[in-house]
$ cat coords-v4.txt   # compact mmCIF, C-alpha atoms and all ligand atoms
# COMPACT_ATOMS: atom_id res chain seq x y z
CA MET A 1 -12.90 5.01 -2.45
CA ARG A 2 -12.51 2.35 -5.09
CA ILE A 3 -9.28 0.49 -5.90
CA ASP A 4 -8.98 -1.68 -9.04
CA ILE A 5 -6.02 -4.04 -8.94
CA ILE A 6 -4.81 -5.59 -12.20
CA THR A 7 -2.89 -8.83 -11.66
CA VAL A 8 -2.10 -12.23 -13.11
CA LEU A 9 -2.55 -13.71 -9.61
CA PRO A 10 -5.88 -12.49 -8.18
CA GLU A 11 -6.02 -15.56 -5.90
CA MET A 12 -2.91 -14.28 -4.13
CA LEU A 13 -4.79 -11.14 -3.04
CA GLU A 14 -8.30 -12.51 -2.42
CA GLY A 15 -7.56 -13.83 1.05
CA PHE A 16 -5.76 -10.67 2.06
CA PHE A 17 -8.63 -8.34 1.17
CA ASN A 18 -11.23 -10.67 2.72
CA CYS A 19 -9.67 -10.46 6.18
CA SER A 20 -9.88 -8.24 9.21
CA ILE A 21 -9.88 -4.47 8.69
CA MET A 22 -9.66 -4.59 4.88
CA GLN A 23 -12.82 -6.72 4.84
CA ARG A 24 -14.58 -4.50 7.37
CA ALA A 25 -13.81 -1.38 5.32
CA GLN A 26 -15.58 -3.01 2.37
CA THR A 27 -18.54 -4.30 4.40
CA LYS A 28 -19.03 -0.80 5.82
CA GLY A 29 -19.02 0.58 2.25
CA LEU A 30 -15.96 2.77 2.93
CA ALA A 31 -13.76 1.04 0.35
CA GLU A 32 -14.30 -1.13 -2.71
CA ILE A 33 -11.47 -3.40 -3.83
CA HIS A 34 -11.83 -5.06 -7.24
CA LEU A 35 -9.37 -7.67 -8.51
CA HIS A 36 -8.99 -8.09 -12.27
CA ASN A 37 -7.34 -11.14 -13.79
CA LEU A 38 -5.22 -9.87 -16.67
CA ARG A 39 -5.74 -13.13 -18.56
CA ASP A 40 -9.43 -12.23 -18.91
CA TYR A 41 -8.34 -9.36 -21.15
CA THR A 42 -6.39 -11.49 -23.67
CA HIS A 43 -7.93 -12.55 -26.97
CA ASP A 44 -5.72 -15.50 -27.97
CA LYS A 45 -6.45 -19.10 -27.06
CA HIS A 46 -3.40 -19.43 -24.79
CA ARG A 47 -4.38 -16.27 -22.89
CA ARG A 48 -0.80 -14.98 -23.07
CA VAL A 49 0.15 -12.00 -20.98
CA ASP A 50 3.94 -12.17 -21.56
CA ASP A 51 6.42 -12.53 -24.40
CA TYR A 52 10.17 -12.63 -25.08
CA PRO A 53 12.07 -9.35 -24.73
CA PHE A 54 13.51 -7.57 -27.75
CA GLY A 55 17.31 -7.43 -27.59
CA GLY A 56 17.71 -11.04 -26.55
CA PHE A 57 17.69 -10.32 -22.80
CA ALA A 58 16.80 -12.99 -20.24
CA GLY A 59 13.31 -13.30 -18.75
CA MET A 60 9.85 -12.47 -20.02
CA VAL A 61 8.07 -9.13 -20.42
CA MET A 62 4.37 -8.36 -19.93
CA LYS A 63 2.64 -7.48 -23.19
CA ILE A 64 0.94 -4.15 -23.89
CA GLU A 65 -2.37 -5.36 -25.31
CA PRO A 66 -4.04 -7.14 -22.35
CA ILE A 67 -3.01 -4.32 -20.01
CA GLU A 68 -4.34 -1.68 -22.41
CA ASN A 69 -7.62 -3.63 -22.79
CA CYS A 70 -8.08 -3.83 -19.03
CA ILE A 71 -7.18 -0.19 -18.28
CA ASN A 72 -9.43 1.05 -21.10
CA ALA A 73 -12.35 -1.11 -19.92
CA LEU A 74 -12.01 0.41 -16.43
CA LYS A 75 -11.58 3.97 -17.71
CA ALA A 76 -14.73 3.60 -19.81
CA GLU A 77 -16.70 3.16 -16.56
CA ARG A 78 -15.27 5.96 -14.42
CA GLU A 79 -12.51 8.50 -14.07
CA TYR A 80 -9.35 7.52 -12.20
CA ASP A 81 -7.25 9.82 -10.03
CA GLU A 82 -4.11 7.74 -10.62
CA VAL A 83 -3.02 4.71 -12.61
CA ILE A 84 -0.29 3.30 -10.38
CA PHE A 85 2.42 0.84 -11.40
CA THR A 86 4.29 -1.05 -8.67
CA THR A 87 7.99 -1.12 -9.55
CA PRO A 88 11.34 -1.16 -7.72
CA ASP A 89 12.49 1.94 -9.65
CA GLY A 90 9.42 3.99 -8.62
CA GLU A 91 9.09 6.67 -5.96
CA GLN A 92 9.49 5.17 -2.48
CA PHE A 93 6.13 4.63 -0.75
CA SER A 94 5.64 6.66 2.44
CA GLN A 95 2.97 7.74 4.93
CA PRO A 96 2.56 11.19 3.27
CA MET A 97 1.98 9.41 -0.06
CA ALA A 98 -0.59 7.10 1.58
CA ASN A 99 -2.34 10.14 3.12
CA THR A 100 -2.60 11.84 -0.28
CA LEU A 101 -3.80 8.69 -2.06
CA SER A 102 -6.47 8.10 0.61
CA LEU A 103 -8.22 11.26 -0.64
CA ALA A 104 -8.64 9.78 -4.13
CA ARG A 105 -11.98 8.45 -5.36
CA ASN A 106 -10.73 5.84 -7.85
CA LEU A 107 -7.31 4.24 -8.18
CA ILE A 108 -5.89 1.60 -10.50
CA ILE A 109 -2.90 -0.43 -9.28
CA LEU A 110 -1.09 -2.51 -11.90
CA CYS A 111 1.03 -5.40 -10.62
CA GLY A 112 4.08 -6.29 -12.70
CA HIS A 113 5.60 -9.75 -13.11
CA PHE A 114 8.57 -11.47 -14.74
CA LYS A 115 11.14 -8.87 -15.90
CA GLY A 116 8.49 -6.16 -15.76
CA ILE A 117 6.09 -4.59 -18.28
CA ASP A 118 6.69 -3.25 -21.80
CA TYR A 119 8.08 0.23 -21.15
CA ARG A 120 5.54 1.85 -23.50
CA ILE A 121 2.77 1.07 -20.97
CA ARG A 122 4.67 3.11 -18.42
CA GLU A 123 5.02 5.99 -20.87
CA HIS A 124 1.42 6.05 -22.06
CA PHE A 125 -0.86 4.78 -19.28
CA ILE A 126 0.86 5.04 -15.92
CA THR A 127 0.53 8.27 -13.92
CA LYS A 128 2.40 7.20 -10.79
CA GLU A 129 5.16 4.63 -10.16
CA ILE A 130 5.61 3.36 -6.62
CA SER A 131 8.28 1.18 -5.00
CA ILE A 132 7.72 -0.28 -1.53
CA GLY A 133 11.46 -0.52 -0.85
CA ASP A 134 14.92 -1.19 -2.24
CA TYR A 135 14.56 -4.91 -2.87
CA VAL A 136 13.08 -6.96 -5.71
CA LEU A 137 9.94 -9.08 -5.33
CA THR A 138 8.70 -11.71 -7.78
CA GLY A 139 5.54 -9.72 -8.50
CA GLY A 140 3.69 -6.51 -7.69
CA GLU A 141 0.90 -8.19 -5.66
CA LEU A 142 2.53 -7.74 -2.26
CA ALA A 143 3.35 -4.12 -3.14
CA ALA A 144 -0.29 -3.52 -4.21
CA ALA A 145 -1.48 -5.08 -0.92
CA VAL A 146 0.89 -2.85 1.08
CA ILE A 147 -0.25 0.30 -0.74
CA ALA A 148 -3.98 -0.53 -0.53
CA ASP A 149 -3.73 -1.45 3.18
CA ALA A 150 -1.91 1.76 4.14
CA VAL A 151 -4.33 3.88 2.08
CA VAL A 152 -7.58 2.21 3.20
CA ARG A 153 -6.82 2.08 6.94
CA ILE A 154 -6.67 5.89 7.17
CA ILE A 155 -10.02 6.49 5.48
CA PRO A 156 -12.15 8.02 8.28
CA GLY A 157 -14.31 5.31 9.89
CA VAL A 158 -12.21 2.33 8.79
CA ILE A 159 -10.38 2.10 12.10
CA SER A 160 -13.02 2.55 14.79
CA ASP A 161 -11.03 5.03 16.86
CA GLU A 162 -9.88 7.67 14.36
CA GLN A 163 -7.40 9.08 16.84
CA SER A 164 -5.67 5.76 16.75
CA ALA A 165 -4.52 6.13 13.12
CA LEU A 166 -3.37 9.71 13.72
CA SER A 167 -1.11 8.75 16.65
CA ASP A 168 0.71 6.04 14.70
CA SER A 169 4.31 6.33 13.58
CA PHE A 170 5.19 8.70 10.70
CA GLN A 171 2.18 10.99 11.14
CA ASP A 172 3.89 14.31 12.04
CA ASN A 173 7.24 12.69 11.13
CA LEU A 174 7.46 11.08 14.57
CA LEU A 175 7.70 7.47 15.69
CA ALA A 176 4.91 6.33 18.03
CA ALA A 177 5.36 6.26 21.81
CA PRO A 178 5.50 2.83 23.54
CA VAL A 179 2.14 1.29 24.48
CA TYR A 180 1.19 -0.96 27.43
CA THR A 181 -1.82 -2.96 28.62
CA ARG A 182 -2.80 -4.89 31.75
CA PRO A 183 -1.38 -6.07 34.09
CA ALA A 184 0.31 -2.87 35.32
CA ASP A 185 2.92 -4.99 37.08
CA TYR A 186 4.01 -8.17 35.33
CA LYS A 187 6.53 -10.12 37.42
CA GLY A 188 7.99 -6.81 38.56
CA TRP A 189 8.10 -5.22 35.05
CA LYS A 190 6.16 -2.03 35.68
CA VAL A 191 4.23 0.22 33.34
CA PRO A 192 5.46 3.86 33.51
CA GLU A 193 3.79 5.45 36.56
CA ILE A 194 2.50 8.48 34.61
CA LEU A 195 0.18 6.29 32.48
CA LEU A 196 -1.68 5.19 35.63
CA SER A 197 -2.06 8.76 36.97
CA GLY A 198 -5.20 9.65 35.00
CA HIS A 199 -3.66 13.11 34.41
CA GLU A 200 -4.53 13.61 30.74
CA ALA A 201 -2.32 16.64 30.00
CA LYS A 202 0.74 15.09 31.64
CA ILE A 203 0.15 11.82 29.78
CA LYS A 204 -0.01 13.72 26.44
CA GLU A 205 3.24 15.47 27.33
CA TRP A 206 4.87 12.12 28.21
CA GLU A 207 3.68 10.66 24.89
CA LEU A 208 5.23 13.52 22.93
CA GLN A 209 8.50 13.33 24.90
CA GLN A 210 8.70 9.59 24.20
CA SER A 211 7.98 10.11 20.51
CA LEU A 212 10.66 12.77 20.21
CA GLU A 213 13.23 10.78 22.16
CA ARG A 214 12.63 7.61 20.13
CA THR A 215 12.64 9.46 16.81
CA ARG A 216 15.92 11.25 17.68
CA ARG A 217 17.53 7.98 18.71
CA LEU A 218 16.14 5.61 16.05
CA ARG A 219 15.26 7.78 13.04
CA PRO A 220 17.04 11.16 13.24
CA ASP A 221 16.50 11.44 9.45
CA LEU A 222 12.76 12.04 10.09
CA LEU A 223 13.59 15.18 12.08
CA GLY A 224 15.91 16.41 9.36
CA GLU A 225 18.84 16.20 11.81
N1 LIG B 1 13.30 -6.20 -13.76
C1 LIG B 1 12.73 -5.34 -12.76
C2 LIG B 1 12.18 -6.15 -11.58
C3 LIG B 1 11.02 -7.01 -11.93
S1 LIG B 1 10.34 -7.77 -10.53
C4 LIG B 1 13.79 -4.39 -12.25
O1 LIG B 1 14.95 -4.75 -12.20
O2 LIG B 1 13.43 -3.25 -11.87
C5 LIG B 1 8.70 -8.15 -11.08
C6 LIG B 1 7.63 -7.20 -10.66
O3 LIG B 1 7.49 -7.21 -9.24
C7 LIG B 1 7.83 -5.73 -11.01
O4 LIG B 1 7.42 -5.43 -12.31
C8 LIG B 1 6.98 -5.02 -9.98
O5 LIG B 1 5.63 -4.91 -10.37
C9 LIG B 1 7.07 -5.94 -8.77
N2 LIG B 1 8.04 -5.47 -7.77
C10 LIG B 1 9.20 -6.06 -7.45
N3 LIG B 1 9.85 -5.40 -6.49
C11 LIG B 1 9.09 -4.34 -6.15
C12 LIG B 1 9.21 -3.27 -5.20
N4 LIG B 1 10.28 -3.15 -4.43
N5 LIG B 1 8.20 -2.39 -5.13
C13 LIG B 1 7.11 -2.49 -5.92
N6 LIG B 1 6.94 -3.47 -6.83
C14 LIG B 1 7.90 -4.39 -6.95
$ encode --input "coords-v4.txt" --output "structure tokens"
Amino acid sequence: MRIDIITVLPEMLEGFFNCSIMQRAQTKGLAEIHLHNLRDYTHDKHRRVDDYPFGGFAGMVMKIEPIENCINALKAEREYDEVIFTTPDGEQFSQPMANTLSLARNLIILCGHFKGIDYRIREHFITKEISIGDYVLTGGELAAAVIADAVVRIIPGVISDEQSALSDSFQDNLLAAPVYTRPADYKGWKVPEILLSGHEAKIKEWELQQSLERTRRLRPDLLGE
């Protein structure tokens, strides 16, 4: 899968995508992340990406032209499954959405800034608008990082033990069961006996019971209760 991220702050994302599992996914050839500096798609000498809003409102608005230039340059090279805009008034990001997006071949993610982008871009270029939660950030970069991370980590082979991604919270609408590691007894705090039994079927059953109990208690909304 290939993800093209359009931003005015590529340096904010470089470190993130060159670390840990995101880096490994790219080294293994399972994901390609390309950062595009919007200013490279301007044609004026000040490389302006924003301008004053019509109507006399406060703040600045991202201009159509550089964004159109960048999206068109990308679309000339390949077909995109979605052109995503990160925005607080978009559809709330979720694990099912990440699962669906992870099946895509090519994605564009556009990061907004200032007061947002000229609405005509949203009407004519954007195919999907995503919010990462009901709060306002200064820019779309963190949202793009969140979306790309959640999507890339579930591509088969990215996490070495595939089972591990499937047993995480929100797959099957359940929260994950608690996890433990050595020592089995830490100053008298003991790991649940069943996990030391080696009885695979009983351990699976315990895991499911724990997931159900925790989901009922902490997130009954996930069970539709
Ligand atoms: N005026 C806008 C907020 C602009 S915030 C409004 O009231 O809706 C600047 C940019 O940050 C946005 O264009 C968007 O790309 C990004 N952003 C801020 N909060 C976000 C969120 N919760 N989810 C996704 N992107 C967000």
$ residues_near_ligand --input "coords-v4.txt" --ligand "ligand LIG 1 (chain B)" --cutoff "6 Å" --atoms "all atoms listed in the file" --output "PyMOL selection string"
chain A and resi 86-89+111-116+131-140+143
$ write_last_selection --input "coords-v4.txt" --atoms "C-alpha atoms" --output "short mmCIF file (atom, residue, chain, number, x, y, z; two decimals), in the frame of the given file"
data_model
loop_
_atom_site.label_atom_id
_atom_site.label_comp_id
_atom_site.auth_asym_id
_atom_site.auth_seq_id
_atom_site.Cartn_x
_atom_site.Cartn_y
_atom_site.Cartn_z
CA THR A 86 4.29 -1.05 -8.67
CA THR A 87 7.99 -1.12 -9.55
CA PRO A 88 11.34 -1.16 -7.72
CA ASP A 89 12.49 1.94 -9.65
CA CYS A 111 1.03 -5.40 -10.62
CA GLY A 112 4.08 -6.29 -12.70
CA HIS A 113 5.60 -9.75 -13.11
CA PHE A 114 8.57 -11.47 -14.74
CA LYS A 115 11.14 -8.87 -15.90
CA GLY A 116 8.49 -6.16 -15.76
CA SER A 131 8.28 1.18 -5.00
CA ILE A 132 7.72 -0.28 -1.53
CA GLY A 133 11.46 -0.52 -0.85
CA ASP A 134 14.92 -1.19 -2.24
CA TYR A 135 14.56 -4.91 -2.87
CA VAL A 136 13.08 -6.96 -5.71
CA LEU A 137 9.94 -9.08 -5.33
CA THR A 138 8.70 -11.71 -7.78
CA GLY A 139 5.54 -9.72 -8.50
CA GLY A 140 3.69 -6.51 -7.69
CA ALA A 143 3.35 -4.12 -3.14
#
$ closest_atom_pairs --input "coords-v4.txt" --of "range 9-37 of chain A" --to "range 155-174 of chain A" --cutoff "10 Å" --atoms "all atoms listed in the file" --output "JSON lines"
{"residue": "A:Ile21", "atom": "CA", "partner": "A:Val158", "partner_atom": "CA", "distance": 7.2}
{"residue": "A:Met22", "atom": "CA", "partner": "A:Val158", "partner_atom": "CA", "distance": 8.3}
{"residue": "A:Gln23", "atom": "CA", "partner": "A:Val158", "partner_atom": "CA", "distance": 9.9}
{"residue": "A:Arg24", "atom": "CA", "partner": "A:Val158", "partner_atom": "CA", "distance": 7.4}
{"residue": "A:Ala25", "atom": "CA", "partner": "A:Val158", "partner_atom": "CA", "distance": 5.3}
{"residue": "A:Gln26", "atom": "CA", "partner": "A:Val158", "partner_atom": "CA", "distance": 9.0}
{"residue": "A:Lys28", "atom": "CA", "partner": "A:Val158", "partner_atom": "CA", "distance": 8.1}
{"residue": "A:Gly29", "atom": "CA", "partner": "A:Val158", "partner_atom": "CA", "distance": 9.6}
{"residue": "A:Leu30", "atom": "CA", "partner": "A:Val158", "partner_atom": "CA", "distance": 7.0}
{"residue": "A:Ala31", "atom": "CA", "partner": "A:Ile155", "partner_atom": "CA", "distance": 8.4}
$ residues_around --input "coords-v4.txt" --residues "Ile5 in chain A" --least-positions-apart "2" --cutoff "7 Å" --atoms "all atoms listed in the file" --output "number ranges by chain"
A: 3, 7, 34-36, 108-110
$ atom_distance --input "coords-v4.txt" --atom1 "CA of Asn37 in chain A" --atom2 "CA of Val146 in chain A"
18.9 Å
$ closest_residue --input "coords-v4.txt" --among "A:Arg122, A:Gly59, A:Pro183, A:Leu13" --to "Ile84 in chain A" --atoms "all atoms listed in the file"
A:Arg122
$ residues_near_point --input "coords-v4.txt" --point "(-1.3, 0.8, 3.3)" --cutoff "12 Å" --atoms "only C-alpha atoms" --output "ChimeraX atom specification"
/A:17,21-22,93-102,132,142-155,165
$ closest_residue --input "coords-v4.txt" --among "A:Ala176, A:Ile203, A:Leu107, A:Leu212" --to "Met1 in chain A" --atoms "all atoms listed in the file"
A:Leu107
$ closest_residue --input "coords-v4.txt" --among "A:Ile117, A:Lys128, A:His199, A:Val49" --to "Asp81 in chain A" --atoms "only C-alpha atoms"
A:Lys128
$ closest_residue --input "coords-v4.txt" --among "A:Pro192, A:Pro66, A:Gly198, A:Pro220" --to "Leu175 in chain A" --atoms "all atoms listed in the file"
A:Pro220
$ closest_residue --input "coords-v4.txt" --among "A:Glu213, A:Glu79, A:Glu65, A:Glu32" --to "Arg48 in chain A" --atoms "only C-alpha atoms"
A:Glu65
$ residues_around --input "coords-v4.txt" --residues "Lys75 in chain A" --least-positions-apart "6" --cutoff "12 Å" --atoms "all atoms listed in the file" --output "MDAnalysis selection string"
chainID A and resid 4 68:69 81:83 106:108 125
$ atom_distance --input "coords-v4.txt" --atom1 "CA of Thr127 in chain A" --atom2 "CA of Gly90 in chain A"
11.2 Å
$ decode --input "coords-v4.txt" --residues "range 165-179 of chain A" --atoms "N, CA, C and O atoms" --output "PDB file, in the first residue's frame"
ATOM      1  N   ALA A 165      -2.250  -8.501  16.187  1.00  0.00           N
ATOM      2  CA  ALA A 165      -3.106  -7.382  15.806  1.00  0.00           C
ATOM      3  C   ALA A 165      -4.584  -7.743  15.932  1.00  0.00           C
ATOM      4  O   ALA A 165      -5.409  -6.910  16.282  1.00  0.00           O
ATOM      5  N   LEU A 166      -4.897  -9.026  15.653  1.00  0.00           N
ATOM      6  CA  LEU A 166      -6.305  -9.432  15.672  1.00  0.00           C
ATOM      7  C   LEU A 166      -6.873  -9.509  17.085  1.00  0.00           C
ATOM      8  O   LEU A 166      -8.076  -9.419  17.272  1.00  0.00           O
ATOM      9  N   SER A 167      -5.996  -9.704  18.094  1.00  0.00           N
ATOM     10  CA  SER A 167      -6.509  -9.818  19.468  1.00  0.00           C
ATOM     11  C   SER A 167      -6.494  -8.483  20.199  1.00  0.00           C
ATOM     12  O   SER A 167      -6.758  -8.413  21.386  1.00  0.00           O
ATOM     13  N   ASP A 168      -6.170  -7.395  19.495  1.00  0.00           N
ATOM     14  CA  ASP A 168      -6.190  -6.085  20.130  1.00  0.00           C
ATOM     15  C   ASP A 168      -7.613  -5.587  20.337  1.00  0.00           C
ATOM     16  O   ASP A 168      -8.551  -6.114  19.757  1.00  0.00           O
ATOM     17  N   SER A 169      -7.725  -4.540  21.144  1.00  0.00           N
ATOM     18  CA  SER A 169      -9.029  -3.937  21.396  1.00  0.00           C
ATOM     19  C   SER A 169      -9.703  -3.506  20.096  1.00  0.00           C
ATOM     20  O   SER A 169      -9.025  -3.154  19.129  1.00  0.00           O
ATOM     21  N   PHE A 170     -11.024  -3.543  20.097  1.00  0.00           N
ATOM     22  CA  PHE A 170     -11.922  -3.065  19.035  1.00  0.00           C
ATOM     23  C   PHE A 170     -12.089  -4.022  17.877  1.00  0.00           C
ATOM     24  O   PHE A 170     -13.019  -3.900  17.098  1.00  0.00           O
ATOM     25  N   GLN A 171     -11.178  -5.020  17.710  1.00  0.00           N
ATOM     26  CA  GLN A 171     -11.465  -6.061  16.730  1.00  0.00           C
ATOM     27  C   GLN A 171     -12.575  -6.872  17.386  1.00  0.00           C
ATOM     28  O   GLN A 171     -12.511  -7.159  18.569  1.00  0.00           O
ATOM     29  N   ASP A 172     -13.609  -7.229  16.676  1.00  0.00           N
ATOM     30  CA  ASP A 172     -14.786  -7.915  17.240  1.00  0.00           C
ATOM     31  C   ASP A 172     -15.547  -7.048  18.246  1.00  0.00           C
ATOM     32  O   ASP A 172     -16.280  -7.579  19.073  1.00  0.00           O
ATOM     33  N   ASN A 173     -15.344  -5.737  18.229  1.00  0.00           N
ATOM     34  CA  ASN A 173     -16.048  -4.864  19.177  1.00  0.00           C
ATOM     35  C   ASN A 173     -15.800  -5.201  20.634  1.00  0.00           C
ATOM     36  O   ASN A 173     -16.669  -4.995  21.481  1.00  0.00           O
ATOM     37  N   LEU A 174     -14.637  -5.767  20.942  1.00  0.00           N
ATOM     38  CA  LEU A 174     -14.325  -6.091  22.333  1.00  0.00           C
ATOM     39  C   LEU A 174     -13.026  -5.410  22.748  1.00  0.00           C
ATOM     40  O   LEU A 174     -12.129  -5.233  21.929  1.00  0.00           O
ATOM     41  N   LEU A 175     -12.943  -5.054  24.030  1.00  0.00           N
ATOM     42  CA  LEU A 175     -11.666  -4.556  24.554  1.00  0.00           C
ATOM     43  C   LEU A 175     -10.761  -5.764  24.795  1.00  0.00           C
ATOM     44  O   LEU A 175     -11.235  -6.874  25.013  1.00  0.00           O
ATOM     45  N   ALA A 176      -9.448  -5.543  24.753  1.00  0.00           N
ATOM     46  CA  ALA A 176      -8.500  -6.645  24.943  1.00  0.00           C
ATOM     47  C   ALA A 176      -8.502  -7.119  26.401  1.00  0.00           C
ATOM     48  O   ALA A 176      -8.844  -6.363  27.315  1.00  0.00           O
ATOM     49  N   ALA A 177      -8.118  -8.381  26.595  1.00  0.00           N
ATOM     50  CA  ALA A 177      -7.950  -8.923  27.939  1.00  0.00           C
ATOM     51  C   ALA A 177      -6.648  -8.372  28.530  1.00  0.00           C
ATOM     52  O   ALA A 177      -5.766  -7.958  27.783  1.00  0.00           O
ATOM     53  N   PRO A 178      -6.493  -8.390  29.874  1.00  0.00           N
ATOM     54  CA  PRO A 178      -5.227  -7.940  30.469  1.00  0.00           C
ATOM     55  C   PRO A 178      -4.072  -8.845  30.046  1.00  0.00           C
ATOM     56  O   PRO A 178      -4.293 -10.015  29.726  1.00  0.00           O
ATOM     57  N   VAL A 179      -2.866  -8.298  30.011  1.00  0.00           N
ATOM     58  CA  VAL A 179      -1.686  -9.105  29.664  1.00  0.00           C
ATOM     59  C   VAL A 179      -0.655  -9.015  30.788  1.00  0.00           C
ATOM     60  O   VAL A 179      -0.625  -8.032  31.539  1.00  0.00           O
TER      61      VAL A 179
END
